[in-house]
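S.K.: Got a structure for you, entry00.txt, holding compact mmCIF, C-alpha atoms.
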# COMPACT_ATOMS: atom_id res chain seq x y z
CA MET R 1 70.97 -92.52 18.21
CA ALA R 2 70.35 -89.57 15.88
CA LYS R 3 67.07 -87.67 16.12
CA THR R 4 65.36 -85.16 13.84
CA VAL R 5 63.74 -82.04 15.30
CA TRP R 6 60.10 -81.39 14.38
CA LYS R 7 57.86 -78.46 15.18
CA PRO R 8 55.67 -78.78 18.34
CA GLY R 9 52.84 -81.28 17.93
CA THR R 10 50.61 -83.81 19.67
CA MET R 11 53.06 -86.71 19.53
CA LEU R 12 52.57 -88.21 22.98
CA TYR R 13 51.47 -91.78 22.28
CA PRO R 14 49.96 -94.30 22.89
CA LEU R 15 46.70 -92.95 24.30
CA PRO R 16 43.43 -94.53 25.43
CA PRO R 17 40.59 -93.96 22.91
CA VAL R 18 37.91 -93.66 25.57
CA MET R 19 34.19 -93.30 24.96
CA VAL R 20 32.78 -90.39 26.96
CA THR R 21 29.08 -90.49 27.73
CA CYS R 22 27.13 -87.37 28.65
CA GLY R 23 23.57 -86.08 28.72
CA THR R 24 20.97 -88.19 30.54
CA MET R 25 19.52 -91.70 30.40
CA GLU R 26 16.52 -90.25 28.55
CA LYS R 27 18.73 -88.41 26.03
CA PRO R 28 22.25 -89.85 26.09
CA ASN R 29 25.17 -88.99 23.86
CA VAL R 30 28.66 -90.41 23.42
CA LEU R 31 31.88 -89.19 21.84
CA THR R 32 35.27 -90.85 21.49
CA ILE R 33 38.34 -88.87 22.49
CA ALA R 34 42.03 -89.57 23.05
CA TRP R 35 42.93 -86.44 25.01
CA THR R 36 42.43 -87.80 28.54
CA GLY R 37 44.38 -89.09 31.51
CA ILE R 38 44.85 -89.12 35.29
CA ILE R 39 46.10 -85.91 36.89
CA ASN R 40 45.83 -86.65 40.63
CA SER R 41 45.39 -89.65 42.93
CA ASP R 42 43.89 -88.23 46.14
CA PRO R 43 41.29 -87.11 45.35
CA ALA R 44 41.14 -89.14 42.15
CA MET R 45 41.14 -86.58 39.32
CA THR R 46 41.00 -86.87 35.56
CA TYR R 47 40.42 -84.67 32.54
CA ILE R 48 39.10 -84.67 29.01
CA SER R 49 39.83 -82.05 26.36
CA VAL R 50 36.99 -81.28 23.95
CA ARG R 51 36.69 -78.89 21.02
CA PRO R 52 33.99 -76.24 21.69
CA SER R 53 32.53 -77.07 18.27
CA ARG R 54 31.66 -80.60 19.31
CA TYR R 55 28.00 -81.37 20.07
CA SER R 56 28.94 -82.94 23.43
CA TYR R 57 30.80 -79.83 24.56
CA GLU R 58 27.69 -77.88 25.59
CA LEU R 59 26.12 -80.99 27.18
CA ILE R 60 29.15 -81.46 29.42
CA LYS R 61 29.58 -77.75 30.09
CA SER R 62 25.97 -77.32 31.21
CA SER R 63 25.67 -80.50 33.29
CA LYS R 64 29.30 -80.52 34.53
CA GLU R 65 29.14 -84.32 34.44
CA PHE R 66 30.42 -87.06 32.17
CA VAL R 67 31.48 -90.73 32.26
CA ILE R 68 34.72 -92.14 30.86
CA ASN R 69 34.27 -95.66 29.46
CA LEU R 70 37.34 -97.71 28.54
CA THR R 71 37.20 -99.42 25.16
CA THR R 72 38.04 -102.97 24.10
CA ALA R 73 38.77 -104.63 20.76
CA ALA R 74 35.14 -105.78 20.64
CA MET R 75 34.06 -102.13 20.87
CA LEU R 76 36.53 -100.77 18.29
CA LYS R 77 34.17 -100.14 15.37
CA ALA R 78 31.65 -98.45 17.67
CA ALA R 79 34.40 -96.36 19.27
CA ASP R 80 35.72 -95.17 15.91
CA PHE R 81 32.20 -94.47 14.63
CA CYS R 82 31.38 -92.35 17.68
CA GLY R 83 34.59 -90.40 17.14
CA VAL R 84 33.84 -89.35 13.56
CA LYS R 85 30.05 -88.90 13.71
CA SER R 86 28.20 -86.14 15.56
CA GLY R 87 25.36 -86.56 18.03
CA LYS R 88 23.85 -83.44 16.48
CA ASP R 89 22.98 -85.44 13.36
CA ILE R 90 22.27 -88.97 14.60
CA ASP R 91 21.65 -91.04 17.71
CA LYS R 92 25.11 -92.57 18.05
CA ILE R 93 24.07 -94.85 20.91
CA LYS R 94 21.38 -96.43 18.77
CA GLU R 95 23.38 -96.54 15.54
CA SER R 96 26.40 -98.23 17.11
CA GLY R 97 24.34 -100.77 19.05
CA LEU R 98 25.69 -99.66 22.43
CA THR R 99 23.69 -100.10 25.63
CA VAL R 100 23.62 -97.46 28.36
CA LEU R 101 23.07 -98.01 32.06
CA PRO R 102 22.29 -95.50 34.83
CA CYS R 103 25.13 -94.31 37.03
CA GLN R 104 25.20 -93.93 40.80
CA LYS R 105 26.48 -90.39 41.33
CA VAL R 106 25.88 -88.56 38.05
CA LYS R 107 22.94 -88.27 35.66
CA ALA R 108 25.05 -89.13 32.62
CA PRO R 109 24.83 -92.84 31.68
CA MET R 110 27.63 -95.37 31.33
CA ILE R 111 28.21 -97.94 28.58
CA GLU R 112 27.33 -101.51 29.51
CA GLN R 113 29.87 -103.02 27.10
CA SER R 114 32.81 -101.21 28.71
CA PRO R 115 34.85 -103.19 31.28
CA LEU R 116 35.41 -100.05 33.37
CA SER R 117 33.46 -96.79 33.67
CA LEU R 118 34.44 -93.70 35.65
CA GLU R 119 31.75 -91.30 36.85
CA CYS R 120 33.13 -87.77 36.77
CA ARG R 121 32.08 -84.33 38.05
CA VAL R 122 33.66 -81.27 36.47
CA THR R 123 35.52 -79.00 38.88
CA GLU R 124 37.06 -76.55 36.41
CA ILE R 125 37.00 -75.71 32.71
CA LYS R 126 40.23 -74.39 31.23
CA PRO R 127 40.19 -72.83 27.73
CA LEU R 128 43.47 -73.83 26.08
CA GLY R 129 43.05 -72.88 22.43
CA SER R 130 41.76 -75.56 20.06
CA HIS R 131 40.28 -77.44 23.03
CA ASP R 132 38.83 -76.73 26.47
CA MET R 133 40.02 -78.97 29.27
CA PHE R 134 37.37 -80.29 31.66
CA LEU R 135 39.10 -81.08 34.96
CA ALA R 136 36.99 -83.51 36.95
CA GLU R 137 36.87 -85.57 40.10
CA ILE R 138 36.21 -89.30 39.75
CA VAL R 139 33.25 -89.88 42.07
CA ALA R 140 32.52 -93.57 41.35
CA VAL R 141 34.07 -96.49 39.47
CA HIS R 142 32.16 -99.38 37.86
CA VAL R 143 34.01 -102.61 37.00
CA GLU R 144 32.93 -105.72 35.10
CA GLU R 145 32.35 -108.47 37.66
CA GLU R 146 33.46 -111.25 35.31
CA LEU R 147 36.97 -109.77 35.37
CA LEU R 148 37.33 -110.24 39.14
CA ASP R 149 39.42 -113.26 40.15
CA SER R 150 38.80 -115.50 43.16
CA GLN R 151 40.68 -113.08 45.43
CA GLY R 152 38.69 -110.10 44.18
CA ARG R 153 41.53 -108.69 42.08
CA PHE R 154 40.35 -106.79 39.02
CA GLU R 155 42.07 -108.34 35.99
CA LEU R 156 41.55 -105.41 33.64
CA GLU R 157 44.41 -106.65 31.46
CA LYS R 158 42.21 -109.59 30.42
CA SER R 159 39.50 -107.37 28.93
CA GLY R 160 41.15 -106.76 25.56
CA LEU R 161 41.85 -103.03 25.93
CA ILE R 162 42.99 -101.03 22.91
CA ALA R 163 45.30 -98.04 22.42
CA PHE R 164 45.44 -95.18 19.91
CA CYS R 165 48.83 -94.39 18.38
CA HIS R 166 49.59 -91.92 15.58
CA GLY R 167 46.30 -92.25 13.72
CA ALA R 168 45.69 -95.97 14.27
CA TYR R 169 44.26 -98.36 16.86
CA TYR R 170 46.28 -101.19 18.41
CA ALA R 171 45.63 -104.08 20.78
CA LEU R 172 47.72 -104.03 23.95
CA GLY R 173 50.48 -106.62 24.04
CA GLY R 174 51.61 -109.03 26.73
CA LYS R 175 52.80 -108.15 30.22
CA LEU R 176 56.44 -107.03 30.47
CA GLY R 177 56.67 -106.46 34.21
CA SER R 178 54.94 -105.04 37.27
CA PHE R 179 55.49 -101.66 38.90
CA GLY R 180 58.68 -101.82 40.97
CA PHE R 181 59.97 -105.06 39.39
CA SER R 182 63.39 -103.49 38.75
CA VAL R 183 64.16 -103.23 42.46
CA GLU R 184 62.22 -106.14 43.96
CA LYS R 185 64.00 -109.04 45.65
CA LYS R 186 64.25 -112.38 43.91
CA LYS R 187 61.35 -114.69 44.70
CA THR R 188 61.83 -118.03 46.34
CA ARG R 189 61.17 -121.20 44.34
CA LYS R 190 57.94 -121.74 46.27
CA GLN R 191 56.74 -118.22 45.48
CA ARG R 192 57.58 -118.64 41.79
CA ILE R 193 55.65 -121.91 41.59
CA ALA R 194 52.63 -120.33 43.30
CA GLN R 195 52.76 -117.39 40.90
CA ILE R 196 52.95 -119.67 37.86
CA LYS R 197 49.95 -121.67 39.07
CA HIS R 198 47.99 -118.47 39.69
CA GLU R 199 48.82 -117.14 36.23
CA ARG R 200 47.75 -120.42 34.63
CA ARG R 201 44.45 -120.38 36.51
CA SER R 202 43.90 -116.75 35.53
CA LEU R 203 44.67 -117.54 31.90
CA LYS R 204 42.19 -120.42 31.81
CA LYS R 205 39.54 -118.24 33.43
CA ALA R 206 40.24 -115.44 30.95
CA GLU R 207 39.88 -117.84 28.03
CA LYS R 208 36.54 -119.09 29.35
CA THR R 209 35.37 -115.51 29.93
CA ALA R 210 36.46 -114.49 26.44
CA LYS R 211 34.53 -117.35 24.85
CA LYS R 212 31.48 -116.61 26.97
CA THR R 213 31.38 -112.84 26.47
CA GLY R 214 32.80 -112.53 22.98
CA HIS R 215 35.98 -110.65 23.97
CA GLU R 216 37.98 -113.04 21.83
CA SER R 217 38.94 -111.71 18.43
CA ASP R 218 36.92 -113.03 15.52
CA SER R 219 37.53 -111.47 12.14
CA LYS R 220 34.22 -112.81 10.84
CA LYS R 221 32.19 -110.85 13.37
CA LYS R 222 30.80 -107.41 12.66
CA PRO R 223 32.38 -104.87 15.04
CA PHE R 224 29.18 -103.07 15.95
CA LEU R 225 27.46 -104.33 19.06
CA SER R 226 24.04 -105.88 19.57
CA LYS R 227 21.47 -104.21 21.76
CA LYS R 228 20.60 -107.59 23.27
CA SER R 229 24.10 -108.48 24.45
CA ALA R 230 26.97 -106.40 25.72
CA LEU R 231 29.49 -108.04 23.45
CA LYS R 232 27.53 -109.81 20.71
CA THR R 233 27.64 -108.37 17.22
CA THR R 234 25.03 -107.92 14.54
CA ARG R 235 25.11 -107.61 10.77
CA ARG R 236 24.79 -104.16 9.25
CA LYS R 237 24.73 -103.12 5.62
CA LYS R 238 25.96 -99.59 6.14
CA THR R 239 29.64 -98.74 5.92
CA TYR R 240 31.26 -95.80 7.59
CA PRO R 241 34.31 -93.73 6.63
CA LYS R 242 37.61 -94.41 8.34
CA SER R 243 39.51 -91.57 9.98
CA LYS R 244 43.24 -91.26 10.52
CA LYS R 245 42.85 -88.25 12.74
CA ALA R 246 43.02 -88.49 16.49
CA PRO R 247 39.55 -88.80 18.07
CA GLN R 248 39.06 -85.46 19.75
Translate this file's structure into structure tokens.

M.R.:
Amino acid sequence: MAKTVWKPGTMLYPLPPVMVTCGTMEKPNVLTIAWTGIINSDPAMTYISVRPSRYSYELIKSSKEFVINLTTAAMLKAADFCGVKSGKDIDKIKESGLTVLPCQKVKAPMIEQSPLSLECRVTEIKPLGSHDMFLAEIVAVHVEEELLDSQGRFELEKSGLIAFCHGAYYALGGKLGSFGFSVEKKKTRKQRIAQIKHERRSLKKAEKTAKKTGHESDSKKKPFLSKKSALKTTRRKKTYPKSKKAPQ
């Protein structure tokens, strides 16, 4: 397969367009970024890279705290809006209809609509050039209870997560395999039947949850979120510019 050589660039995709909350419950702010990931497992460590010119930069630098909130298809319009607008000019929490909740370990709030929120404490700030990297320890994790199955397994894959790839947002596709599937032993017929039954039960539960919470896709709904419900939408007359740039 022939390949063409390009100059160095940020072409590592797909990425999670997470919504990072900072500030306090009394004065919260949120920004959407794609430059994030896991860098260590024990202790659990993550990072976000933020331009020093961003309004949230000084909030995070001074408090040394932030919360990473995963985004779903139901949150897409709000996520994009919070990536192109600045908290210096408007209250993005209010304008996008998001709801914030207090955290357990940090003063920064988390987003109620997110299926998973990671409380983070900054351990180091590394100036890299266009961005500064905030290395942080994950000090608490909050998960949506409705995504827990009968055995207590967190079915995050049922939440409708989205990905950012080369200037556009995409819904995650179906499951292709589990970690280690390439070397695992073949399952017995009894095990396969049990797995199929479990997957069917999980699918039915996911469908019920989607209908109840509004995670199901509905092109007629407005993407911004209602203050009254974590996943309900509300009509708005304003329109906002689209951006093909990576949320940074």

S.K.: Could you jot down the CA of Lys186 (chain R) to CA of Glu155 (chain R) separation for me, Å, one decimal place?

M.R.: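 Pair CA of Lys186 (chain R) / CA of Glu155 (chain R) returns 23.9 Å.
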
S.K.: For CA of Pro127 (chain R) and CA of Pro28 (chain R), determine how far apart the two atoms are, in Å to one decimal place.

M.R.: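 We find that CA of Pro127 (chain R) and CA of Pro28 (chain R) lie 24.8 Å from each other.
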
S.K.: So that I can see what lies close to Gly174 (chain R), please list as a list in words the residues with an atom at most 10 Å from it, counting all atoms listed in the file and leaving out residues fewer than 3 positions away in the same chain.

M.R.: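 Listed by chain and then number, they are Glu157, Ala171 and Gly177 of chain R.
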
S.K.: Rounded to one decimal in Å, what is the spacing between CA of Glu112 (chain R) and CA of Leu98 (chain R)?

M.R.: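 These two atoms are separated by 7.5 Å.
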
S.K.: Let me make sure I understand: among R:Lys7, R:Lys92, R:His131, R:Arg189, which one has the smallest atom-to-atom distance to Ser53 (chain R) if we use only C-alpha atoms?

M.R.: R:His131

S.K.: I'd like the contact shell of Pro109 (chain R) - 10 Å cut-off, all atoms listed in the file, skipping same-chain residues fewer than 2 positions apart - returned as an MDAnalysis selection string.

M.R.: chainID R and resid 20:30 65:68 99:104 106:107 111:112 117 119

S.K.: Find the residues with any atom within 8 Å of (31.4, -81.2, 35.1); use only C-alpha atoms and the coordinates as given in the file, and write the answer as an MDAnalysis selection string.

M.R.: chainID R and resid 60:66 120:124 134:136

S.K.: Neighbourhood query: residues within 12 Å of (43.0, -100.0, 25.7), file coordinates, counting only C-alpha atoms; return as a tab-separated table (two decimals) with C-alpha atoms, keeping the file's coordinate frame.

M.R.:
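Heads up, here's the output in point.tsv:
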chain	number	residue	atom	x	y	z
R	14	PRO	CA	49.96	-94.30	22.89
R	15	LEU	CA	46.70	-92.95	24.30
R	16	PRO	CA	43.43	-94.53	25.43
R	17	PRO	CA	40.59	-93.96	22.91
R	18	VAL	CA	37.91	-93.66	25.57
R	19	MET	CA	34.19	-93.30	24.96
R	34	ALA	CA	42.03	-89.57	23.05
R	69	ASN	CA	34.27	-95.66	29.46
R	70	LEU	CA	37.34	-97.71	28.54
R	71	THR	CA	37.20	-99.42	25.16
R	72	THR	CA	38.04	-102.97	24.10
R	73	ALA	CA	38.77	-104.63	20.76
R	74	ALA	CA	35.14	-105.78	20.64
R	75	MET	CA	34.06	-102.13	20.87
R	76	LEU	CA	36.53	-100.77	18.29
R	79	ALA	CA	34.40	-96.36	19.27
R	114	SER	CA	32.81	-101.21	28.71
R	115	PRO	CA	34.85	-103.19	31.28
R	116	LEU	CA	35.41	-100.05	33.37
R	156	LEU	CA	41.55	-105.41	33.64
R	157	GLU	CA	44.41	-106.65	31.46
R	158	LYS	CA	42.21	-109.59	30.42
R	159	SER	CA	39.50	-107.37	28.93
R	160	GLY	CA	41.15	-106.76	25.56
R	161	LEU	CA	41.85	-103.03	25.93
R	162	ILE	CA	42.99	-101.03	22.91
R	163	ALA	CA	45.30	-98.04	22.42
R	164	PHE	CA	45.44	-95.18	19.91
R	165	CYS	CA	48.83	-94.39	18.38
R	169	TYR	CA	44.26	-98.36	16.86
R	170	TYR	CA	46.28	-101.19	18.41
R	171	ALA	CA	45.63	-104.08	20.78
R	172	LEU	CA	47.72	-104.03	23.95
R	173	GLY	CA	50.48	-106.62	24.04

S.K.: Under the rule that all atoms listed in the file are counted, which of R:Ala140, R:Val84, R:Ile90, R:Ile125 is the nearest residue to Val50 (chain R)?

M.R.: R:Ile125

S.K.: Measuring atom to atom with all atoms listed in the file, identify which of R:Met110, R:Ala44, R:Ile193, R:Val183 is nearest to Ile138 (chain R).

M.R.: R:Ala44

S.K.: Each side padded by 8 Å, which centre and which edge lengths in Å (one decimal) define the axis-aligned box around the listed atoms of region 158-166 of chain R? Give them as JSON.

M.R.:
{"center_x": 44.5, "center_y": -100.8, "center_z": 23.0, "size_x": 26.1, "size_y": 33.7, "size_z": 30.8}
